[in-house]
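Source file run.csv; content: CSV, C-alpha atoms and all ligand atoms.
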chain,number,residue,atom,x,y,z
A,1,MET,CA,-74.5,-194.5,-55.2
A,2,ALA,CA,-75.0,-191.3,-53.1
A,3,GLN,CA,-77.4,-191.5,-50.1
A,4,TYR,CA,-80.0,-189.2,-51.7
A,5,ASP,CA,-80.1,-191.1,-55.0
A,6,GLN,CA,-82.5,-193.7,-53.7
A,7,ILE,CA,-85.0,-191.1,-52.5
A,8,ALA,CA,-84.5,-188.3,-55.1
A,9,LYS,CA,-87.9,-188.5,-56.7
A,10,PRO,CA,-90.0,-188.5,-53.5
A,11,TYR,CA,-87.7,-186.0,-52.0
A,12,ASP,CA,-88.2,-183.6,-54.9
A,13,GLU,CA,-92.0,-184.1,-54.6
A,14,LEU,CA,-91.8,-183.3,-50.9
A,15,MET,CA,-89.6,-180.2,-51.3
A,16,GLY,CA,-91.0,-178.8,-54.5
A,17,ASP,CA,-90.1,-175.1,-55.2
A,18,THR,CA,-90.3,-173.9,-51.6
A,19,GLY,CA,-89.3,-176.7,-49.3
A,20,ASP,CA,-91.4,-178.9,-46.9
A,21,ILE,CA,-93.2,-177.6,-43.8
A,22,PRO,CA,-90.1,-177.4,-41.5
A,23,HIS,CA,-88.1,-175.7,-44.3
A,24,THR,CA,-90.8,-173.2,-45.3
A,25,PHE,CA,-92.0,-172.2,-41.8
A,26,LEU,CA,-89.0,-172.6,-39.6
A,27,ILE,CA,-85.6,-172.7,-41.4
A,28,ASN,CA,-86.0,-170.7,-44.6
A,29,PRO,CA,-87.1,-167.5,-43.0
A,30,LEU,CA,-83.9,-167.4,-40.9
A,31,MET,CA,-81.8,-168.3,-43.9
A,32,SER,CA,-83.5,-165.7,-46.1
A,33,SER,CA,-83.1,-162.9,-43.5
A,34,SER,CA,-79.4,-163.7,-43.3
A,35,LEU,CA,-78.7,-163.2,-47.0
A,36,PRO,CA,-76.6,-160.2,-48.1
A,37,LYS,CA,-78.4,-157.3,-50.0
A,38,GLU,CA,-75.6,-156.8,-52.7
A,39,LYS,CA,-76.7,-158.3,-56.0
A,40,ASP,CA,-73.4,-158.7,-57.8
A,41,LEU,CA,-72.3,-161.9,-56.0
A,42,THR,CA,-71.1,-165.2,-57.2
A,43,VAL,CA,-72.7,-167.9,-54.9
A,44,LEU,CA,-72.1,-171.6,-54.2
A,45,ASP,CA,-75.1,-173.6,-53.1
A,46,LEU,CA,-73.4,-176.5,-51.3
A,47,GLY,CA,-75.6,-179.6,-51.3
A,48,CYS,CA,-78.2,-178.0,-53.6
A,49,GLY,CA,-80.6,-181.0,-53.5
A,50,ASN,CA,-83.5,-180.5,-56.1
A,51,GLY,CA,-82.3,-177.0,-56.7
A,52,TYR,CA,-85.2,-175.0,-55.1
A,53,TRP,CA,-82.9,-172.8,-53.1
A,54,THR,CA,-80.4,-172.6,-56.0
A,55,LYS,CA,-83.2,-171.1,-58.1
A,56,LEU,CA,-84.3,-168.6,-55.4
A,57,LEU,CA,-80.6,-167.5,-55.0
A,58,ALA,CA,-80.2,-167.2,-58.8
A,59,LYS,CA,-83.1,-164.7,-58.9
A,60,LYS,CA,-81.3,-162.6,-56.3
A,61,TYR,CA,-77.6,-162.9,-57.3
A,62,LYS,CA,-75.4,-162.6,-60.4
A,63,LYS,CA,-74.3,-166.3,-60.7
A,64,VAL,CA,-75.0,-169.5,-58.6
A,65,VAL,CA,-73.2,-172.8,-58.8
A,66,GLY,CA,-75.3,-175.7,-57.2
A,67,ILE,CA,-73.3,-178.8,-56.3
A,68,ASP,CA,-74.5,-182.1,-54.9
A,69,ASN,CA,-73.3,-185.7,-54.9
A,70,SER,CA,-76.7,-187.2,-55.9
A,71,GLN,CA,-76.8,-187.5,-59.7
A,72,ASN,CA,-80.5,-188.1,-59.5
A,73,LEU,CA,-81.1,-184.8,-57.7
A,74,ILE,CA,-78.7,-182.9,-60.0
A,75,LYS,CA,-80.7,-184.3,-63.0
A,76,ILE,CA,-84.0,-183.2,-61.4
A,77,ALA,CA,-82.5,-179.7,-60.6
A,78,LYS,CA,-81.2,-179.3,-64.2
A,79,ASN,CA,-84.6,-180.4,-65.6
A,80,LYS,CA,-86.9,-178.4,-63.3
A,81,ARG,CA,-84.9,-175.5,-61.9
A,82,GLN,CA,-82.5,-174.2,-64.5
A,83,LEU,CA,-81.9,-170.5,-65.1
A,84,SER,CA,-79.3,-168.9,-67.4
A,85,ASN,CA,-77.1,-167.9,-64.4
A,86,ILE,CA,-77.2,-171.3,-62.7
A,87,GLU,CA,-74.6,-174.0,-63.2
A,88,TYR,CA,-75.4,-177.4,-61.6
A,89,LYS,CA,-72.5,-179.8,-61.0
A,90,LEU,CA,-72.2,-183.3,-59.6
A,91,VAL,CA,-69.6,-183.0,-56.8
A,92,GLU,CA,-68.7,-185.3,-53.9
A,93,ILE,CA,-67.7,-182.7,-51.3
A,94,GLU,CA,-66.0,-185.2,-49.0
A,95,THR,CA,-63.3,-185.7,-51.6
A,96,ASP,CA,-63.5,-183.2,-54.4
A,97,PHE,CA,-63.6,-179.4,-54.6
A,98,PRO,CA,-63.2,-178.4,-58.2
A,99,PHE,CA,-63.0,-174.7,-57.7
A,100,ALA,CA,-60.0,-172.2,-57.7
A,101,ASN,CA,-59.0,-170.2,-54.7
A,102,ASP,CA,-61.2,-167.2,-53.9
A,103,SER,CA,-64.0,-168.2,-56.3
A,104,PHE,CA,-67.1,-167.3,-54.3
A,105,ASP,CA,-68.5,-164.2,-52.6
A,106,LEU,CA,-71.1,-166.2,-50.7
A,107,ILE,CA,-71.4,-169.9,-49.8
A,108,PHE,CA,-74.9,-171.0,-48.9
A,109,SER,CA,-75.8,-174.4,-47.6
A,110,ASN,CA,-79.2,-175.5,-46.3
A,111,MET,CA,-79.3,-178.7,-44.1
A,112,VAL,CA,-76.2,-180.4,-45.5
A,113,ILE,CA,-73.2,-180.4,-43.2
A,114,HIS,CA,-74.7,-183.0,-40.8
A,115,TYR,CA,-74.0,-185.5,-43.7
A,116,ILE,CA,-70.3,-184.7,-43.9
A,117,LYS,CA,-67.9,-187.1,-42.2
A,118,ASN,CA,-64.7,-185.0,-42.6
A,119,LEU,CA,-65.7,-181.5,-41.4
A,120,ILE,CA,-62.1,-180.4,-41.0
A,121,LYS,CA,-61.3,-181.0,-44.7
A,122,LEU,CA,-64.6,-179.3,-45.7
A,123,THR,CA,-64.0,-176.1,-43.6
A,124,GLU,CA,-60.4,-175.9,-45.0
A,125,GLU,CA,-61.7,-176.2,-48.6
A,126,LEU,CA,-64.5,-173.7,-48.0
A,127,TYR,CA,-61.9,-171.2,-46.6
A,128,ARG,CA,-59.8,-171.7,-49.7
A,129,ILE,CA,-62.5,-171.2,-52.3
A,130,ILE,CA,-64.3,-168.2,-50.6
A,131,LYS,CA,-63.1,-164.7,-51.4
A,132,PRO,CA,-61.7,-162.5,-48.6
A,133,ASN,CA,-64.6,-160.9,-46.6
A,134,GLY,CA,-66.9,-163.6,-48.2
A,135,LEU,CA,-69.7,-165.0,-46.1
A,136,ILE,CA,-70.7,-168.6,-45.5
A,137,ILE,CA,-74.3,-169.0,-44.3
A,138,PHE,CA,-75.5,-172.5,-43.4
A,139,SER,CA,-78.0,-174.5,-41.5
A,140,PHE,CA,-77.8,-178.0,-40.1
A,141,ALA,CA,-79.6,-180.4,-37.8
A,142,HIS,CA,-79.2,-179.0,-34.3
A,143,PRO,CA,-77.3,-181.4,-32.1
A,144,ILE,CA,-79.7,-180.7,-29.2
A,145,PHE,CA,-82.7,-181.8,-31.4
A,146,GLU,CA,-80.8,-184.9,-32.6
A,147,SER,CA,-79.6,-186.0,-29.2
A,148,THR,CA,-83.2,-185.6,-27.8
A,149,LYS,CA,-84.5,-187.7,-30.6
A,150,ASN,CA,-81.7,-190.2,-30.4
A,151,GLN,CA,-81.0,-190.8,-26.8
A,152,SER,CA,-77.8,-192.8,-27.5
A,153,LEU,CA,-76.1,-189.6,-28.8
A,154,LYS,CA,-76.6,-187.7,-25.5
A,155,SER,CA,-73.0,-188.0,-24.1
A,156,THR,CA,-71.3,-188.2,-27.5
A,157,LYS,CA,-68.3,-185.8,-27.7
A,158,THR,CA,-67.0,-186.5,-31.2
A,159,ARG,CA,-68.3,-186.5,-34.8
A,160,THR,CA,-70.2,-189.8,-34.8
A,161,PRO,CA,-72.4,-191.4,-37.5
A,162,TYR,CA,-76.0,-192.4,-36.7
A,163,LYS,CA,-78.9,-193.6,-38.7
A,164,THR,CA,-82.2,-191.8,-39.1
A,165,SER,CA,-85.3,-192.3,-41.2
A,166,THR,CA,-85.6,-189.6,-43.8
A,167,LEU,CA,-87.9,-187.2,-45.6
A,168,GLY,CA,-89.8,-188.1,-48.7
A,169,GLY,CA,-88.8,-191.8,-48.8
A,170,SER,CA,-88.6,-194.9,-46.6
A,171,ALA,CA,-84.8,-195.2,-46.7
A,172,GLU,CA,-82.6,-194.7,-43.7
A,173,LEU,CA,-79.8,-192.1,-44.0
A,174,THR,CA,-76.5,-191.8,-42.1
A,175,LEU,CA,-76.0,-188.5,-40.5
A,176,GLN,CA,-73.1,-187.2,-38.4
A,177,TYR,CA,-73.6,-186.0,-34.8
A,178,GLU,CA,-71.2,-183.6,-33.1
A,179,PRO,CA,-71.7,-181.0,-30.3
A,180,LEU,CA,-72.2,-177.5,-31.5
A,181,ASP,CA,-69.1,-176.0,-29.9
A,182,LEU,CA,-66.9,-178.6,-31.8
A,183,ILE,CA,-68.6,-177.7,-35.1
A,184,ILE,CA,-67.9,-174.0,-34.5
A,185,LYS,CA,-64.3,-174.7,-33.4
A,186,LYS,CA,-63.6,-176.4,-36.8
A,187,PHE,CA,-64.7,-173.3,-38.7
A,188,LEU,CA,-62.7,-171.0,-36.4
A,189,ASN,CA,-59.6,-173.3,-36.7
A,190,SER,CA,-59.8,-173.0,-40.5
A,191,GLY,CA,-59.6,-169.2,-40.2
A,192,PHE,CA,-63.2,-168.1,-40.3
A,193,LYS,CA,-64.6,-165.5,-37.9
A,194,LEU,CA,-68.1,-166.2,-36.4
A,195,VAL,CA,-70.5,-163.5,-37.4
A,196,GLN,CA,-73.8,-164.8,-36.0
A,197,GLN,CA,-75.6,-167.9,-34.6
A,198,LYS,CA,-79.3,-168.4,-34.8
A,199,ASP,CA,-81.5,-171.3,-33.6
A,200,ALA,CA,-84.6,-172.4,-35.4
A,201,ILE,CA,-86.8,-173.1,-32.4
A,202,ILE,CA,-89.9,-175.2,-32.9
A,203,PRO,CA,-93.0,-173.2,-32.0
A,204,ALA,CA,-96.3,-174.7,-30.8
A,205,ASP,CA,-98.2,-173.6,-33.9
A,206,LEU,CA,-95.8,-175.4,-36.2
A,207,ALA,CA,-96.3,-178.6,-34.2
A,208,LYS,CA,-100.0,-178.3,-35.1
A,209,LYS,CA,-99.2,-178.2,-38.8
A,210,TYR,CA,-96.5,-180.9,-38.4
A,211,PRO,CA,-97.5,-183.3,-35.6
A,212,ARG,CA,-94.1,-185.1,-35.7
A,213,TYR,CA,-92.7,-182.1,-33.8
A,214,GLN,CA,-95.3,-182.3,-31.0
A,215,ASP,CA,-92.8,-183.6,-28.5
A,216,TYR,CA,-90.1,-181.2,-29.5
A,217,ILE,CA,-91.8,-177.8,-29.0
A,218,GLY,CA,-89.3,-175.2,-27.7
A,219,LEU,CA,-86.2,-177.2,-29.0
A,220,PRO,CA,-84.0,-175.9,-31.8
A,221,ARG,CA,-84.6,-178.0,-34.9
A,222,ALA,CA,-81.7,-176.4,-36.8
A,223,ALA,CA,-78.7,-174.2,-36.1
A,224,ILE,CA,-77.8,-171.4,-38.5
A,225,LEU,CA,-74.2,-170.2,-38.5
A,226,ILE,CA,-72.7,-167.3,-40.4
A,227,PHE,CA,-69.0,-167.1,-40.8
A,228,LYS,CA,-66.7,-164.6,-42.6
A,229,LYS,CA,-63.4,-165.1,-44.2
A,230,ASN,CA,-61.0,-162.5,-42.6
B,1,LIG,C1,-81.4,-182.3,-46.5
B,1,LIG,S1,-80.9,-182.2,-48.2
B,1,LIG,C2,-80.9,-180.5,-48.5
B,1,LIG,C3,-80.9,-180.1,-49.9
B,1,LIG,C4,-81.1,-178.6,-50.2
B,1,LIG,N1,-80.0,-177.9,-49.7
B,1,LIG,C5,-82.4,-178.1,-49.6
B,1,LIG,O1,-82.4,-177.2,-48.8
B,1,LIG,O2,-83.4,-178.6,-50.1
B,1,LIG,C6,-79.1,-182.6,-48.1
B,1,LIG,C7,-78.4,-182.6,-49.4
B,1,LIG,O3,-77.0,-182.8,-49.2
B,1,LIG,C8,-76.5,-183.6,-50.2
B,1,LIG,N2,-75.2,-184.2,-49.8
B,1,LIG,C9,-75.1,-185.0,-48.7
B,1,LIG,N3,-73.8,-185.4,-48.6
B,1,LIG,C10,-73.1,-184.9,-49.6
B,1,LIG,C11,-71.8,-185.0,-50.1
B,1,LIG,N4,-70.9,-185.7,-49.4
B,1,LIG,N5,-71.4,-184.3,-51.2
B,1,LIG,C12,-72.3,-183.6,-51.8
B,1,LIG,N6,-73.6,-183.4,-51.5
B,1,LIG,C13,-74.0,-184.1,-50.4
B,1,LIG,C14,-77.6,-184.6,-50.5
B,1,LIG,O4,-77.5,-185.3,-51.7
B,1,LIG,C15,-78.8,-183.7,-50.4
B,1,LIG,O5,-79.2,-183.2,-51.6

Write the structure described by the file as C-alpha cells, please.
Amino acid sequence: MAQYDQIAKPYDELMGDTGDIPHTFLINPLMSSSLPKEKDLTVLDLGCGNGYWTKLLAKKYKKVVGIDNSQNLIKIAKNKRQLSNIEYKLVEIETDFPFANDSFDLIFSNMVIHYIKNLIKLTEELYRIIKPNGLIIFSFAHPIFESTKNQSLKSTKTRTPYKTSTLGGSAELTLQYEPLDLIIKKFLNSGFKLVQQKDAIIPADLAKKYPRYQDYIGLPRAAILIFKKN
C-alpha cells in the first residue's frame, strides 16, 4: 500500500480544488508564476495527488498526464478532476517510468520529491523522458525548514529517511531529508541546467492564518527549482 492510500480521503478534503492554506498562499503563487506561457505543451504532473494541480494545468496546456502511486488518490482524481485532455495513471516512480524518451515539454511536480528515496534514478529518468529544451518545475519541503522542525536532521549530509505527521490525516509519513546543494547536484549530474531557484518564505500574516507556522516565520517552507534539459 502506498503511503498516501491510508489518508487519501481526508487529504482530498483538505486540498480540495485549490490546495490547503500553505499551498494556496505560499507555494502555489510561486509555482504558477514559473509556468511557461506557450499553450501547446504536453505536461507530466509527477505525484499528482487528488489531481487539483493536474486540472489547473489541463486548463492551460494541450495535454496533461497525472501520475501517482496512491491508487486511492488516483481514483479520487479520476472521479472528481477529469477533463478530456487529462490521463491519470497509477505509477510507482521509484521503480517504474512507463514513458518513451522525449515525451514531455514540461514536468511539473508539487511537494513530491521529498518522498523519493532514489533521487539519482529519478533525475536520470526525468532527463530521459523530457524533450530537449523542456522544463522541469518542482517544489519540495525545504531542508532548512525540515531540519529546524526535526533537530536530529541538523548535521545530516546524505539522503536520510525521517518520520513526520501529515496533512489531512493522523498517519505518520516517511520523508527523505537531504541538504539543498546535494539535491541540486543530482539534477546537474543528470544533465539538467539550473534555470532558477525560489524559496517560499513564511510571512508573519500567513502564520496568523496558520498558527502551526508561528515559530517558523522567515524560514523557507518549500524550495522551488526550475531546470532545463540542454
Ligand atoms: C504532498 S502530496 C502532493 C500532491 C500534489 N502534487 C499536490 O500538490 O497536491 C505528495 C504526493 O506524492 C505522491 N508520491 C509519493 N511518493 C511517490 C512515489 N514513490 N511514486 C509516485 N507518487 C508518489 C503521494 O502519493 C502524494 O500524492

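Here atom N5 of ligand LIG 1 (chain B) is placed at a distance of 21.9 Å from CA of Arg221 in chain A.
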
All residues 9 Å or closer to range 56-72 of chain A, only C-alpha atoms, same chain fewer than 3 positions away omitted, as a ChimeraX atom specification: /A:1-9,17-18,37-53,75-77,83-93

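For the set A:Ser147, A:Asn79, A:Thr174, A:Ser33, the residue with the smallest atom-to-atom gap to ligand LIG 1 (chain B) is A:Thr174, counting all atoms listed in the file.
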
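Proximity of A:Asp20, A:Glu94, A:Glu13, A:Asp105 to Asn118 in chain A, computed with all atoms listed in the file, is greatest for A:Glu94.
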
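Taking CA of Gln197 in chain A and CA of Lys228 in chain A as endpoints, the distance between them is 12.4 Å.
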
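The gap separating CA of Thr54 in chain A from CA of Leu106 in chain A is 12.5 Å, in Å to one decimal.
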
If you count only C-alpha atoms, which residues fall within 9 Å of Glu125 in chain A, apart from same-chain ones fewer than 4 positions away, as a PDB file with C-alpha atoms, in the coordinates of the input?
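New file selection-v2.pdb:
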ATOM      1  CA  PHE A  97     -63.600-179.400 -54.600  1.00  0.00           C
ATOM      2  CA  ASN A 101     -59.000-170.200 -54.700  1.00  0.00           C
ATOM      3  CA  ILE A 120     -62.100-180.400 -41.000  1.00  0.00           C
ATOM      4  CA  LYS A 121     -61.300-181.000 -44.700  1.00  0.00           C
ATOM      5  CA  ILE A 129     -62.500-171.200 -52.300  1.00  0.00           C
ATOM      6  CA  ILE A 130     -64.300-168.200 -50.600  1.00  0.00           C
ATOM      7  CA  SER A 190     -59.800-173.000 -40.500  1.00  0.00           C
TER       8      SER A 190
END

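Nearest residue to Arg81 in chain A, choosing from A:Ala100, A:Ile27, A:Lys163, A:Gly16 and counting all atoms listed in the file: A:Gly16.
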
For ligand LIG 1 (chain B), the nearest of the candidates A:His114, A:Lys229, A:Lys149, A:Lys209, counting all atoms listed in the file: A:His114
